[in-house]
file entry_6.cif (mmCIF, C-alpha atoms and all ligand atoms)
data_my_file
loop_
_atom_site.label_atom_id
_atom_site.label_comp_id
_atom_site.auth_asym_id
_atom_site.auth_seq_id
_atom_site.Cartn_x
_atom_site.Cartn_y
_atom_site.Cartn_z
CA MET A 22 88.14 -86.14 -108.87
CA LYS A 23 85.88 -88.61 -110.72
CA SER A 24 87.82 -91.79 -111.64
CA PRO A 25 87.95 -92.66 -115.36
CA ARG A 26 85.49 -95.29 -116.55
CA ILE A 27 86.62 -98.80 -117.55
CA PRO A 28 87.05 -99.24 -121.34
CA VAL A 29 84.72 -101.88 -122.79
CA ALA A 30 84.35 -103.49 -126.24
CA ILE A 31 81.07 -104.88 -127.61
CA LEU A 32 81.67 -107.88 -129.91
CA GLY A 33 78.81 -108.31 -132.40
CA ALA A 34 77.58 -104.78 -131.69
CA THR A 35 75.14 -104.51 -134.61
CA GLY A 36 72.84 -107.41 -133.61
CA ALA A 37 69.81 -107.49 -131.33
CA VAL A 38 71.82 -108.22 -128.17
CA GLY A 39 74.72 -105.93 -129.10
CA GLN A 40 72.28 -103.04 -129.50
CA ARG A 41 70.77 -103.76 -126.08
CA MET A 42 74.25 -103.70 -124.56
CA ILE A 43 74.89 -100.29 -126.10
CA GLN A 44 71.52 -99.01 -124.88
CA LEU A 45 72.08 -100.30 -121.32
CA LEU A 46 75.63 -98.91 -121.11
CA GLU A 47 74.62 -95.35 -122.00
CA ASN A 48 75.47 -93.41 -118.81
CA HIS A 49 76.84 -96.51 -117.04
CA PRO A 50 78.76 -95.34 -113.94
CA TRP A 51 81.70 -97.78 -114.36
CA PHE A 52 81.94 -98.71 -118.06
CA GLU A 53 82.61 -96.73 -121.22
CA ILE A 54 82.24 -98.26 -124.70
CA THR A 55 85.41 -97.60 -126.69
CA VAL A 56 85.30 -100.41 -129.30
CA LEU A 57 82.50 -101.99 -131.37
CA THR A 58 83.04 -105.02 -133.60
CA GLY A 59 81.05 -106.67 -136.38
CA SER A 60 81.42 -108.99 -139.36
CA ASP A 61 82.87 -108.35 -142.85
CA ARG A 62 79.47 -106.88 -143.68
CA THR A 63 79.96 -103.89 -141.39
CA ILE A 64 83.63 -103.36 -140.49
CA GLY A 65 85.28 -100.07 -141.41
CA ARG A 66 82.06 -98.01 -141.33
CA PRO A 67 80.70 -95.62 -138.64
CA TYR A 68 78.27 -97.48 -136.36
CA GLY A 69 75.57 -94.79 -136.53
CA GLU A 70 75.47 -95.00 -140.34
CA LEU A 71 75.26 -98.74 -140.79
CA VAL A 72 73.29 -100.08 -137.83
CA ARG A 73 69.66 -101.03 -138.36
CA TRP A 74 68.56 -99.94 -134.85
CA VAL A 75 65.75 -102.22 -133.70
CA LEU A 76 65.18 -100.61 -130.27
CA ASP A 77 63.21 -97.47 -129.45
CA GLY A 78 64.95 -94.14 -130.14
CA ALA A 79 68.30 -93.90 -131.90
CA PRO A 80 71.82 -95.21 -131.17
CA PRO A 81 73.47 -93.06 -128.46
CA ALA A 82 75.56 -90.19 -129.84
CA SER A 83 78.56 -91.50 -127.88
CA VAL A 84 78.88 -94.56 -130.17
CA ALA A 85 77.47 -93.22 -133.46
CA ASN A 86 80.90 -92.19 -134.79
CA LEU A 87 82.84 -95.28 -133.64
CA ILE A 88 84.19 -97.22 -136.64
CA VAL A 89 83.18 -100.89 -136.52
CA GLN A 90 86.27 -103.07 -136.00
CA PRO A 91 86.95 -106.71 -136.95
CA SER A 92 85.92 -109.21 -134.25
CA ASP A 93 89.18 -111.18 -134.57
CA VAL A 94 91.51 -108.27 -133.72
CA VAL A 95 91.88 -107.89 -129.95
CA ALA A 96 91.62 -104.28 -128.78
CA ASP A 97 93.13 -102.68 -125.68
CA VAL A 98 90.09 -102.80 -123.38
CA ALA A 99 89.57 -104.16 -119.86
CA ILE A 100 86.30 -105.98 -120.66
CA ALA A 101 84.72 -107.41 -123.82
CA LEU A 102 80.98 -108.08 -123.83
CA SER A 103 80.28 -110.66 -126.52
CA ALA A 104 77.04 -110.84 -128.52
CA LEU A 105 78.61 -112.93 -131.29
CA PRO A 106 76.80 -115.85 -132.91
CA THR A 107 77.93 -119.31 -131.70
CA ASP A 108 80.44 -120.10 -134.46
CA ALA A 109 82.13 -116.69 -134.37
CA ALA A 110 82.17 -116.78 -130.54
CA LYS A 111 83.89 -120.16 -130.60
CA LEU A 112 86.70 -118.77 -132.77
CA TYR A 113 87.14 -115.26 -131.41
CA GLU A 114 86.28 -115.26 -127.69
CA PRO A 115 89.42 -117.20 -126.67
CA LEU A 116 91.59 -114.68 -128.58
CA TRP A 117 90.12 -111.87 -126.47
CA ALA A 118 90.09 -113.89 -123.24
CA ALA A 119 93.87 -114.35 -123.46
CA HIS A 120 94.17 -110.60 -122.76
CA THR A 121 90.93 -109.28 -121.32
CA ALA A 122 87.83 -110.32 -119.37
CA VAL A 123 85.19 -111.63 -121.80
CA CYS A 124 81.54 -111.83 -120.69
CA SER A 125 79.72 -113.85 -123.33
CA ASN A 126 76.09 -114.41 -124.26
CA ALA A 127 76.92 -117.14 -126.72
CA SER A 128 76.36 -120.81 -125.93
CA SER A 129 79.74 -121.96 -127.33
CA TYR A 130 81.57 -122.34 -123.98
CA ARG A 131 78.73 -122.37 -121.40
CA MET A 132 79.15 -126.04 -120.51
CA THR A 133 82.99 -126.10 -120.75
CA SER A 134 84.26 -127.28 -117.38
CA ASP A 135 86.64 -124.38 -116.62
CA VAL A 136 84.27 -121.67 -117.88
CA PRO A 137 81.93 -120.15 -115.26
CA LEU A 138 78.25 -120.03 -116.26
CA ILE A 139 77.02 -117.27 -114.00
CA ILE A 140 73.92 -115.55 -112.74
CA PRO A 141 75.40 -113.19 -110.12
CA GLU A 142 72.48 -113.58 -107.67
CA VAL A 143 72.67 -117.38 -107.91
CA ASN A 144 76.27 -118.59 -108.13
CA PRO A 145 78.76 -115.69 -107.82
CA GLU A 146 81.29 -118.05 -106.20
CA HIS A 147 81.72 -119.84 -109.54
CA VAL A 148 83.93 -116.90 -110.66
CA ASN A 149 86.69 -118.64 -108.70
CA LEU A 150 87.00 -121.03 -111.66
CA ILE A 151 88.82 -118.17 -113.38
CA ASP A 152 91.96 -118.86 -111.30
CA ASP A 153 92.15 -122.39 -112.73
CA GLN A 154 91.20 -121.19 -116.20
CA ARG A 155 94.06 -118.70 -116.20
CA LYS A 156 96.54 -121.28 -114.94
CA ALA A 157 95.50 -123.99 -117.42
CA ARG A 158 95.20 -121.75 -120.48
CA GLY A 159 97.92 -119.19 -119.71
CA TRP A 160 95.41 -116.35 -120.05
CA ARG A 161 95.72 -112.92 -118.45
CA GLY A 162 92.05 -112.30 -119.09
CA ALA A 163 89.08 -114.62 -118.53
CA LEU A 164 85.99 -116.07 -120.17
CA VAL A 165 82.68 -116.15 -118.31
CA THR A 166 79.26 -116.82 -119.81
CA ASN A 167 75.66 -116.05 -119.02
CA PRO A 168 72.98 -118.68 -119.55
CA ASN A 169 70.42 -119.21 -122.29
CA CYS A 170 67.77 -116.46 -122.23
CA SER A 171 65.05 -118.71 -120.77
CA VAL A 172 67.40 -120.34 -118.26
CA ILE A 173 68.24 -117.06 -116.48
CA GLY A 174 64.66 -116.63 -115.25
CA ILE A 175 64.17 -120.33 -114.57
CA ALA A 176 67.40 -120.78 -112.58
CA LEU A 177 66.77 -117.64 -110.53
CA ALA A 178 63.29 -118.90 -109.66
CA LEU A 179 64.58 -122.38 -108.75
CA LYS A 180 67.57 -121.24 -106.64
CA PRO A 181 65.79 -120.40 -103.33
CA LEU A 182 63.73 -123.61 -103.51
CA TYR A 183 66.73 -125.75 -104.46
CA ASP A 184 68.75 -124.45 -101.51
CA ALA A 185 65.86 -124.84 -99.04
CA VAL A 186 64.33 -128.22 -99.91
CA GLY A 187 66.27 -129.73 -102.85
CA LEU A 188 64.68 -130.38 -106.25
CA ASP A 189 64.03 -133.78 -107.77
CA ILE A 190 61.92 -133.14 -110.91
CA VAL A 191 61.52 -129.88 -112.87
CA GLN A 192 59.16 -129.89 -115.87
CA ILE A 193 59.12 -126.76 -118.02
CA ALA A 194 57.15 -125.46 -120.98
CA THR A 195 58.30 -122.12 -122.42
CA LEU A 196 56.59 -119.43 -124.48
CA GLN A 197 59.49 -117.50 -125.98
CA ALA A 198 59.45 -114.05 -127.59
CA VAL A 199 60.52 -113.43 -131.19
CA SER A 200 63.41 -111.11 -130.19
CA GLY A 201 65.13 -114.24 -128.83
CA ALA A 202 65.85 -115.23 -132.43
CA GLY A 203 67.84 -112.02 -133.14
CA TYR A 204 67.19 -109.80 -136.16
CA PRO A 205 65.45 -110.40 -138.61
CA GLY A 206 64.62 -113.59 -136.71
CA VAL A 207 61.46 -115.62 -137.28
CA PRO A 208 59.69 -114.89 -140.64
CA SER A 209 56.44 -112.99 -140.03
CA LEU A 210 54.42 -115.58 -141.98
CA ASP A 211 55.60 -118.24 -139.51
CA ILE A 212 54.77 -116.35 -136.32
CA ILE A 213 51.79 -113.98 -136.80
CA ASP A 214 48.61 -115.71 -135.60
CA ASN A 215 50.70 -118.76 -134.75
CA ILE A 216 52.88 -120.71 -132.28
CA VAL A 217 55.96 -122.66 -133.39
CA PRO A 218 56.56 -125.72 -131.17
CA ASN A 219 60.33 -126.00 -131.64
CA ILE A 220 63.41 -123.74 -131.39
CA ALA A 221 66.76 -124.65 -132.96
CA ASN A 222 65.76 -128.22 -133.67
CA GLY A 223 65.58 -129.36 -130.07
CA VAL A 224 68.85 -127.71 -129.02
CA GLU A 225 67.00 -125.04 -127.01
CA GLU A 226 65.38 -127.78 -124.94
CA GLU A 227 68.77 -129.42 -124.32
CA LYS A 228 70.15 -126.09 -123.05
CA ILE A 229 67.20 -125.58 -120.69
CA GLU A 230 67.67 -129.09 -119.33
CA ALA A 231 71.47 -128.86 -118.90
CA GLU A 232 72.41 -125.30 -117.92
CA PRO A 233 70.45 -125.02 -114.62
CA CYS A 234 72.29 -128.11 -113.32
CA LYS A 235 75.65 -126.36 -113.79
CA ILE A 236 74.41 -123.02 -112.40
CA LEU A 237 72.92 -124.64 -109.26
CA GLY A 238 75.96 -126.92 -108.97
CA ARG A 239 78.43 -126.62 -106.07
CA TYR A 240 81.86 -125.07 -106.61
CA ASP A 241 84.34 -127.13 -104.66
CA ASN A 242 88.05 -127.63 -105.07
CA SER A 243 88.24 -126.18 -108.60
CA THR A 244 85.30 -128.11 -110.00
CA ILE A 245 81.53 -127.73 -110.27
CA SER A 246 79.50 -130.73 -109.02
CA MET A 247 76.34 -130.58 -111.11
CA ALA A 248 72.95 -130.37 -109.39
CA THR A 249 71.15 -133.68 -109.87
CA MET A 250 67.58 -132.50 -110.64
CA ARG A 251 65.74 -134.32 -113.42
CA MET A 252 64.83 -131.70 -116.01
CA SER A 253 62.31 -131.90 -118.85
CA ALA A 254 61.74 -128.95 -121.22
CA GLN A 255 59.39 -128.21 -124.11
CA VAL A 256 59.75 -124.90 -125.94
CA THR A 257 57.55 -122.75 -128.17
CA ARG A 258 58.05 -119.49 -130.06
CA VAL A 259 55.06 -117.16 -129.62
CA PRO A 260 54.06 -113.80 -131.17
CA VAL A 261 55.39 -111.66 -128.28
CA THR A 262 58.15 -109.10 -128.98
CA ASP A 263 60.10 -109.35 -125.69
CA GLY A 264 59.72 -111.51 -122.56
CA HIS A 265 60.11 -115.26 -122.19
CA THR A 266 57.51 -117.10 -120.08
CA ALA A 267 58.17 -120.49 -118.47
CA LEU A 268 55.42 -122.69 -117.04
CA ILE A 269 57.07 -124.85 -114.39
CA SER A 270 55.91 -127.87 -112.42
CA LEU A 271 58.35 -129.21 -109.84
CA LYS A 272 58.81 -131.90 -107.23
CA SER A 273 61.14 -131.25 -104.31
CA VAL A 274 63.31 -133.71 -102.41
CA ARG A 275 62.03 -132.85 -98.92
CA GLY A 276 58.45 -131.78 -99.68
CA LEU A 277 57.15 -128.31 -100.50
CA SER A 278 53.77 -126.66 -99.97
CA VAL A 279 52.56 -123.36 -101.44
CA ALA A 280 52.99 -121.74 -98.00
CA ASP A 281 56.56 -123.09 -97.77
CA ALA A 282 57.43 -121.72 -101.21
CA ASN A 283 55.99 -118.29 -100.40
CA ALA A 284 57.93 -118.20 -97.11
CA ILE A 285 61.16 -119.28 -98.85
CA TYR A 286 60.82 -116.58 -101.49
CA ALA A 287 59.89 -113.93 -98.89
CA SER A 288 63.09 -114.53 -96.94
CA TRP A 289 65.48 -114.99 -99.89
CA GLN A 290 68.08 -112.32 -100.62
CA ALA A 291 70.76 -112.01 -103.28
CA PRO A 292 74.33 -112.52 -101.99
CA GLN A 293 75.97 -109.43 -100.52
CA ILE A 294 78.53 -108.97 -103.33
CA VAL A 295 75.73 -108.51 -105.88
CA ARG A 296 73.37 -106.19 -104.05
CA ASN A 297 75.07 -102.90 -104.84
CA LEU A 298 76.27 -103.57 -108.37
CA PRO A 299 75.04 -100.81 -110.74
CA SER A 300 72.78 -103.15 -112.76
CA SER A 301 71.41 -105.18 -109.81
CA PRO A 302 67.66 -104.77 -109.49
CA ALA A 303 66.40 -103.91 -106.01
CA GLN A 304 64.27 -107.06 -106.23
CA PRO A 305 65.78 -109.85 -108.38
CA LEU A 306 62.59 -111.91 -107.80
CA ILE A 307 59.13 -110.34 -107.73
CA ILE A 308 56.30 -112.57 -106.50
CA HIS A 309 52.92 -111.74 -108.06
CA THR A 310 49.68 -112.61 -106.28
CA HIS A 311 47.21 -111.47 -108.95
CA PRO A 312 45.87 -114.62 -110.67
CA GLU A 313 46.53 -113.25 -114.17
CA ARG A 314 50.13 -112.14 -113.71
CA PRO A 315 52.92 -112.11 -114.75
CA GLN A 316 52.33 -111.10 -118.36
CA PRO A 317 55.08 -110.23 -120.88
CA ARG A 318 53.79 -106.81 -121.96
CA ARG A 319 52.91 -105.70 -118.43
CA ASP A 320 55.73 -107.17 -116.36
CA ARG A 321 58.86 -107.64 -118.50
CA ASP A 322 60.23 -104.17 -117.70
CA LEU A 323 60.04 -104.49 -113.90
CA GLY A 324 63.37 -103.59 -112.30
CA ALA A 325 64.43 -101.99 -115.62
CA GLY A 326 64.06 -105.43 -117.24
CA MET A 327 66.37 -107.10 -114.67
CA SER A 328 63.74 -108.45 -112.24
CA VAL A 329 62.32 -111.94 -112.76
CA SER A 330 58.58 -112.30 -112.10
CA ILE A 331 57.03 -115.36 -110.49
CA GLY A 332 53.27 -115.86 -110.30
CA ARG A 333 50.51 -118.40 -109.90
CA ILE A 334 52.37 -120.41 -107.26
CA ARG A 335 49.95 -123.23 -106.62
CA SER A 336 49.91 -126.91 -105.78
CA CYS A 337 50.25 -129.54 -108.49
CA PRO A 338 48.26 -132.79 -108.56
CA VAL A 339 51.30 -134.67 -109.94
CA ASN A 340 54.35 -132.85 -108.50
CA ASP A 341 54.53 -130.50 -105.47
CA LEU A 342 54.08 -127.09 -107.09
CA ARG A 343 53.33 -125.18 -110.28
CA MET A 344 54.31 -121.61 -111.15
CA VAL A 345 54.72 -119.11 -113.99
CA VAL A 346 58.09 -117.38 -114.47
CA LEU A 347 58.68 -114.38 -116.73
CA SER A 348 61.92 -112.60 -117.63
CA HIS A 349 62.98 -110.04 -120.23
CA ASN A 350 64.99 -112.09 -122.70
CA THR A 351 67.22 -109.43 -124.23
CA ILE A 352 67.80 -107.52 -120.95
CA ARG A 353 67.96 -109.97 -118.01
CA GLY A 354 68.32 -112.93 -120.39
CA ALA A 355 71.15 -111.50 -122.50
CA ALA A 356 72.65 -107.97 -122.56
CA GLY A 357 71.82 -107.02 -118.95
CA GLY A 358 72.94 -110.45 -117.73
CA ALA A 359 76.34 -110.04 -119.42
CA ILE A 360 76.75 -106.52 -118.02
CA LEU A 361 75.88 -107.73 -114.50
CA ASN A 362 78.49 -110.48 -114.92
CA ALA A 363 81.06 -107.85 -115.93
CA GLU A 364 80.19 -105.80 -112.84
CA LEU A 365 80.61 -108.91 -110.69
CA LEU A 366 84.07 -109.53 -112.22
CA VAL A 367 85.07 -105.98 -111.29
CA ALA A 368 83.68 -106.34 -107.74
CA ALA A 369 85.47 -109.70 -107.32
CA GLY A 370 88.78 -108.30 -108.60
CA TYR A 371 88.93 -110.26 -111.87
CA ALA A 372 88.52 -107.29 -114.20
CA GLY A 373 88.90 -103.54 -114.16
CA LYS A 374 91.62 -101.04 -113.75
N1 LIG A 401 68.44 -112.51 -128.81
C1 LIG A 401 68.40 -113.03 -127.56
O1 LIG A 401 67.40 -112.88 -126.80
C2 LIG A 401 69.57 -113.80 -127.03
C3 LIG A 401 69.53 -114.20 -125.71
C4 LIG A 401 70.60 -114.88 -125.15
C5 LIG A 401 71.69 -115.16 -125.92
N2 LIG A 401 71.74 -114.79 -127.22
C6 LIG A 401 72.97 -115.09 -127.97
O2 LIG A 401 73.67 -113.84 -128.18
C7 LIG A 401 74.35 -113.87 -129.44
C8 LIG A 401 73.86 -112.72 -130.31
O3 LIG A 401 72.47 -112.87 -130.57
P1 LIG A 401 71.64 -111.80 -131.42
O4 LIG A 401 70.23 -112.17 -131.24
O5 LIG A 401 72.08 -110.40 -131.08
O6 LIG A 401 72.15 -112.12 -132.93
P2 LIG A 401 72.09 -111.23 -134.23
O7 LIG A 401 71.01 -110.21 -134.12
O8 LIG A 401 72.06 -112.17 -135.37
O9 LIG A 401 73.52 -110.45 -134.24
C9 LIG A 401 74.75 -111.09 -134.48
C10 LIG A 401 75.93 -110.12 -134.37
O10 LIG A 401 77.16 -110.82 -134.61
C11 LIG A 401 77.84 -110.28 -135.77
N3 LIG A 401 78.38 -111.36 -136.59
C12 LIG A 401 77.69 -112.27 -137.33
N4 LIG A 401 78.55 -113.14 -137.93
C13 LIG A 401 79.79 -112.76 -137.57
C14 LIG A 401 81.10 -113.23 -137.86
N5 LIG A 401 81.29 -114.29 -138.64
N6 LIG A 401 82.14 -112.60 -137.32
C15 LIG A 401 81.97 -111.53 -136.50
N7 LIG A 401 80.76 -111.01 -136.20
C16 LIG A 401 79.68 -111.63 -136.71
C17 LIG A 401 76.80 -109.50 -136.53
O11 LIG A 401 77.50 -108.47 -137.21
P3 LIG A 401 77.07 -107.88 -138.64
O12 LIG A 401 75.81 -107.09 -138.42
O13 LIG A 401 78.24 -107.06 -138.99
O14 LIG A 401 76.85 -109.03 -139.58
C18 LIG A 401 75.90 -108.98 -135.39
O15 LIG A 401 76.53 -107.86 -134.80
C19 LIG A 401 74.08 -115.26 -130.04
O16 LIG A 401 75.13 -116.13 -129.69
C20 LIG A 401 72.77 -115.67 -129.37
O17 LIG A 401 72.60 -117.05 -129.34
C21 LIG A 401 70.72 -114.09 -127.79
#

call {"tool": "encode", "arguments": {"input": "entry_6.cif", "output": "structure tokens"}}
result
Amino acid sequence: MKSPRIPVAILGATGAVGQRMIQLLENHPWFEITVLTGSDRTIGRPYGELVRWVLDGAPPASVANLIVQPSDVVADVAIALSALPTDAAKLYEPLWAAHTAVCSNASSYRMTSDVPLIIPEVNPEHVNLIDDQRKARGWRGALVTNPNCSVIGIALALKPLYDAVGLDIVQIATLQAVSGAGYPGVPSLDIIDNIVPNIANGVEEEKIEAEPCKILGRYDNSTISMATMRMSAQVTRVPVTDGHTALISLKSVRGLSVADANAIYASWQAPQIVRNLPSSPAQPLIIHTHPERPQPRRDRDLGAGMSVSIGRIRSCPVNDLRMVVLSHNTIRGAAGGAILNAELLVAAGYAGK
């Protein structure tokens, strides 16, 4: 007999990321959406009637008749995927985490010391922080986060190099898609025929400089020792719908040639616990050799939007290497990242039946 699927709530289900979660969970082998939440604007109404669906197609029939619930009332589910804005996440995620496993996209708790900031292919062992989190906070559930939408691609690309030769300096310039600002997002008169050289008043750059150091940090004796790379980020918003690009120049600790980097990437594999999760791409990292790839429109959907593309690996006259990294910001960088984290929690025994 087929075992019943695990009941899941989507917090902030009407927004850009919440909609992606719903789209990605249609026909998911482990998870079934039973609860959707929103703000005062939408609660009490059927999802299918009120949502302004910004993805292709229509909302799945399985959720169209669900009545949107308040985000501050904890429902009886095993997992809550949160796509709440920062302020609402700060208030409501701990209420849910006291009872259930919360996988959050929001930045509110990413850098909190007992909250894992996870990319399953990079630092799955950080889930062990949940034991301390539960003890300290008296929770039965848990709170884990996924990184900023640009950081997911960047940290995945850095991981094999960091482990092999250490990293000293990482300089990054991003070209970020408009869907990263949610809906309705950036006004059209600001972004058509234009580039905006700032996101969130510098806070986006702070996240890109801080989060990879926690993700690549070492879990030891209930704490994360941060990686000590020197990070410098500059961000731009560009007229692309989906797909964040990062131009990276880096200097290693032990020296790194183009041939070394290619060999390191060729032999790298995701940890065993991640490889067979339902949302794991067959290739988390795809190395492009064509000199004009990766490109957002052509490469963002590789691996169903869960693969990260790396191209133009070449030497740098100032540092060791330069490269271009591309990832789908609302799939790998948000909704898909949170779902993969939820699958990891089930595989590691922290959530589920
Ligand atoms: N877009 C991306 O690429 C991306 C990537 C990574 C992380 N994130 C993060 O993911 C989260 C969601 O982003 P988004 O782009 O989906 O935002 P969004 O399109 O603005 O959607 C926000 C969602 O939260 C709900 N909401 C707003 N205020 C609320 C409140 N006070 N109480 C309860 N619910 C409330 C909204 O419900 P109503 O419709 O009912 O108002 C809507 O469902 C944010 O924390 C964002 O920083 C986004």

call {"tool": "atom_distance", "arguments": {"input": "entry_6.cif", "atom1": "CA of Pro28 in chain A", "atom2": "CA of His147 in chain A"}}
result
24.3 Å

call {"tool": "closest_residue", "arguments": {"input": "entry_6.cif", "among": "A:Ala248, A:Val95, A:Val172, A:Ala82", "to": "ligand LIG 401 (chain A)", "atoms": "only C-alpha atoms and all ligand atoms"}}
result
A:Val172

call {"tool": "residues_around", "arguments": {"input": "entry_6.cif", "residues": "Leu105 in chain A", "least_positions_apart": "4", "cutoff": "10 Å", "atoms": "all atoms listed in the file", "output": "VMD selection string"}}
result
chain A and resid 31 to 36 38 to 39 58 to 60 92 109 to 111 113 to 114 125 to 129

call {"tool": "closest_residue", "arguments": {"input": "entry_6.cif", "among": "A:Asn340, A:Gln154, A:Asn48, A:Asn215", "to": "Ser278 in chain A", "atoms": "all atoms listed in the file"}}
result
A:Asn340

call {"tool": "closest_residue", "arguments": {"input": "entry_6.cif", "among": "A:Pro115, A:Ile43, A:Thr63, A:Leu323", "to": "Pro81 in chain A", "atoms": "all atoms listed in the file"}}
result
A:Ile43

call {"tool": "decode", "arguments": {"input": "entry_6.cif", "residues": "range 164-186 of chain A", "atoms": "C-alpha atoms", "output": "mmCIF file, in the first residue's frame"}}
result
data_model
loop_
_atom_site.group_PDB
_atom_site.id
_atom_site.type_symbol
_atom_site.label_atom_id
_atom_site.label_comp_id
_atom_site.auth_asym_id
_atom_site.auth_seq_id
_atom_site.Cartn_x
_atom_site.Cartn_y
_atom_site.Cartn_z
ATOM 1 C CA LEU A 164 13.663 26.271 12.299
ATOM 2 C CA VAL A 165 16.064 25.964 9.369
ATOM 3 C CA THR A 166 16.708 28.571 6.688
ATOM 4 C CA ASN A 167 17.928 28.679 3.123
ATOM 5 C CA PRO A 168 20.277 31.434 1.993
ATOM 6 C CA ASN A 169 19.722 34.622 0.035
ATOM 7 C CA CYS A 170 18.802 33.859 -3.591
ATOM 8 C CA SER A 171 22.204 34.905 -4.980
ATOM 9 C CA VAL A 172 24.137 33.176 -2.196
ATOM 10 C CA ILE A 173 22.791 29.693 -3.027
ATOM 11 C CA GLY A 174 24.522 29.660 -6.420
ATOM 12 C CA ILE A 175 27.637 31.403 -5.143
ATOM 13 C CA ALA A 176 28.136 29.119 -2.113
ATOM 14 C CA LEU A 177 27.562 25.973 -4.188
ATOM 15 C CA ALA A 178 30.167 27.145 -6.697
ATOM 16 C CA LEU A 179 32.678 28.015 -3.950
ATOM 17 C CA LYS A 180 32.260 24.823 -1.889
ATOM 18 C CA PRO A 181 34.452 22.396 -3.926
ATOM 19 C CA LEU A 182 37.215 25.016 -4.250
ATOM 20 C CA TYR A 183 37.023 25.996 -0.574
ATOM 21 C CA ASP A 184 37.382 22.376 0.540
ATOM 22 C CA ALA A 185 40.240 21.646 -1.883
ATOM 23 C CA VAL A 186 42.481 24.719 -1.645
#
